[in-house]
Amino acid sequence: MFITLEGVDGAGKSSHLNWLETWFTSRGRQVRMTREPGGTAIGEQLREMVLHQPMHAETEALIMFAARREHIEQVIRPALAAGEVVISDRFTDASFAYQSGGRGLPEARLAVLEDWVHADLQPDLTFLFDLAPEIAAQRLSSARAPDRFEREQTDFHARVRAAYLRRAEQFSARIRIIDGSRSIDQVRLQLSTVLDAAMETKV
Ligand SMILES: Nc1ncnc2c1ncn2[C@@H]1O[C@H](COP(=O)(O)OP(=O)(O)OP(=O)(O)O)[C@@H](O)[C@H]1O
Ligand SMILES: [Mg+2]
């Protein structure tokens, strides 16, 4: 099973990684936690570049998919083949949300890259942590120093959020919207409701 976590910066994705891992391990499943951009040695180097160095929006998109190509080859496919549950903090929905919604690249460009890099692989389940960018930015401001994406203005994040919500409509069977404005406990309750239902049909 391949699960991805998505949402604007500060929506609360990473806050639930350990909880999600435990949810599966306590049910006897092996879990592989990973993230994008990154997840491999090359991917983490590309992450450093793309999060901190100014570049053309298309360069940014290409780097995201280059890192993803390596991630799929080295981590995602082998783990899935071994029967593990793979949980990735971001995946291709983020490219559509940030590089198309946020930066304005045509979706068709990203669809070409998606088709090139993983035509035959999609997450089984995606949690979209949805939250007003203003609140997300407030949460982040006390948490850590901002990267290139987190330094963008609110309208950038509003476009990212809108693009995510459009994808959730387009892929409604896969993408489940989680109300990220609620407390951590209430977010977990939403996650477990979706997971309980998903496991009934998958395993
Ligand atoms: N439901 C919540 N209520 C209040 N604060 C929260 C909630 N979820 C997360 N936070 C806090 O908000 C901040 C951002 O959360 P987190 O790092 O999980 O977001 P993220 O989606 O992983 O962000 P990024 O995309 O930048 O990695 C953290 O300080 C976290 O403690
Ligand atoms: Mg995070």
# chains A, B, ... in the order shown; residues from 1 in each chain; ligands from 1
$ residues_near_ligand --ligand "ligand 2" --cutoff "12 Å" --atoms "only C-alpha atoms and all ligand atoms" --output "list in words"
Leu5, Glu6, Gly7, Val8, Asp9, Gly10, Ala11, Gly12, Lys13, Ser14, Ser15, His16, Leu17, Thr34, Arg35, Glu36, Pro37, Ser88, Asp89, Arg90, Phe129, Ala136, Arg139, Leu140, Ala143, Arg144, Pro146, Asp147 and Glu150 of chain A
$ residues_around --residues "Phe127 (chain A)" --least-positions-apart "5" --cutoff "8 Å" --atoms "only C-alpha atoms" --output "VMD selection string"
chain A and resid 3 to 6 175 to 178 191
$ select_by_dssp --residues "region 44-81 of chain A" --states "alpha helix (DSSP H)" --output "PDB file with C-alpha atoms, in the first residue's frame"
ATOM      1  CA  GLU A  44      18.249  14.852  -0.468  1.00  0.00           C
ATOM      2  CA  GLN A  45      20.969  16.776  -2.337  1.00  0.00           C
ATOM      3  CA  LEU A  46      18.403  17.864  -4.913  1.00  0.00           C
ATOM      4  CA  ARG A  47      16.097  18.848  -2.036  1.00  0.00           C
ATOM      5  CA  GLU A  48      18.743  21.169  -0.601  1.00  0.00           C
ATOM      6  CA  MET A  49      19.108  22.824  -3.993  1.00  0.00           C
ATOM      7  CA  VAL A  50      15.442  23.204  -4.763  1.00  0.00           C
ATOM      8  CA  LEU A  51      14.463  24.459  -1.306  1.00  0.00           C
ATOM      9  CA  HIS A  52      17.207  27.062  -1.066  1.00  0.00           C
ATOM     10  CA  ALA A  57      10.048  27.300 -12.383  1.00  0.00           C
ATOM     11  CA  GLU A  58      10.722  24.627 -15.025  1.00  0.00           C
ATOM     12  CA  THR A  59      14.101  23.810 -13.488  1.00  0.00           C
ATOM     13  CA  GLU A  60      12.291  23.420 -10.191  1.00  0.00           C
ATOM     14  CA  ALA A  61       9.743  21.043 -11.730  1.00  0.00           C
ATOM     15  CA  LEU A  62      12.446  18.991 -13.458  1.00  0.00           C
ATOM     16  CA  ILE A  63      14.460  18.670 -10.254  1.00  0.00           C
ATOM     17  CA  MET A  64      11.373  17.494  -8.366  1.00  0.00           C
ATOM     18  CA  PHE A  65      10.791  14.768 -10.943  1.00  0.00           C
ATOM     19  CA  ALA A  66      14.489  13.860 -11.135  1.00  0.00           C
ATOM     20  CA  ALA A  67      14.501  13.319  -7.371  1.00  0.00           C
ATOM     21  CA  ARG A  68      11.238  11.390  -7.703  1.00  0.00           C
ATOM     22  CA  ARG A  69      12.662   9.103 -10.398  1.00  0.00           C
ATOM     23  CA  GLU A  70      15.435   8.068  -8.021  1.00  0.00           C
ATOM     24  CA  HIS A  71      13.041   7.780  -5.093  1.00  0.00           C
ATOM     25  CA  ARG A  77       9.120   0.199  -5.702  1.00  0.00           C
ATOM     26  CA  PRO A  78      11.413  -2.094  -3.685  1.00  0.00           C
ATOM     27  CA  ALA A  79       9.439  -1.449  -0.489  1.00  0.00           C
ATOM     28  CA  LEU A  80       6.095  -2.072  -2.186  1.00  0.00           C
ATOM     29  CA  ALA A  81       7.497  -5.231  -3.779  1.00  0.00           C
TER      30      ALA A  81
END
$ select_by_dssp --residues "region 10-149 of chain A" --states "strand (DSSP E)" --output "PyMOL selection string"
chain A and resi 31-35+85-89+125-130
$ closest_residue --among "A:Leu165, A:Leu128, A:Ala119, A:Ala94" --to "Phe149 (chain A)" --atoms "only C-alpha atoms"
A:Ala94
$ closest_residue --among "A:Phe96, A:Pro54, A:Arg32, A:Asp185" --to "Arg151 (chain A)" --atoms "only C-alpha atoms"
A:Pro54
$ closest_residue --among "A:Ala137, A:Ala111, A:Met199, A:Val160" --to "ligand 1" --atoms "only C-alpha atoms and all ligand atoms"
A:Ala137
$ closest_residue --among "A:Ser26, A:Ser100, A:Val194, A:Trp116" --to "Arg159 (chain A)" --atoms "only C-alpha atoms"
A:Ser100
$ atom_distance --atom1 "CA of Gln170 (chain A)" --atom2 "CA of Met1 (chain A)"
21.0 Å
$ atom_distance --atom1 "CA of Leu121 (chain A)" --atom2 "CA of Glu21 (chain A)"
21.7 Å
$ closest_residue --among "A:Ala145, A:Ala198, A:Leu113, A:Ala163" --to "ligand 1" --atoms "only C-alpha atoms and all ligand atoms"
A:Ala145
$ atom_distance --atom1 "CA of Ala173 (chain A)" --atom2 "CA of Leu125 (chain A)"
8.3 Å
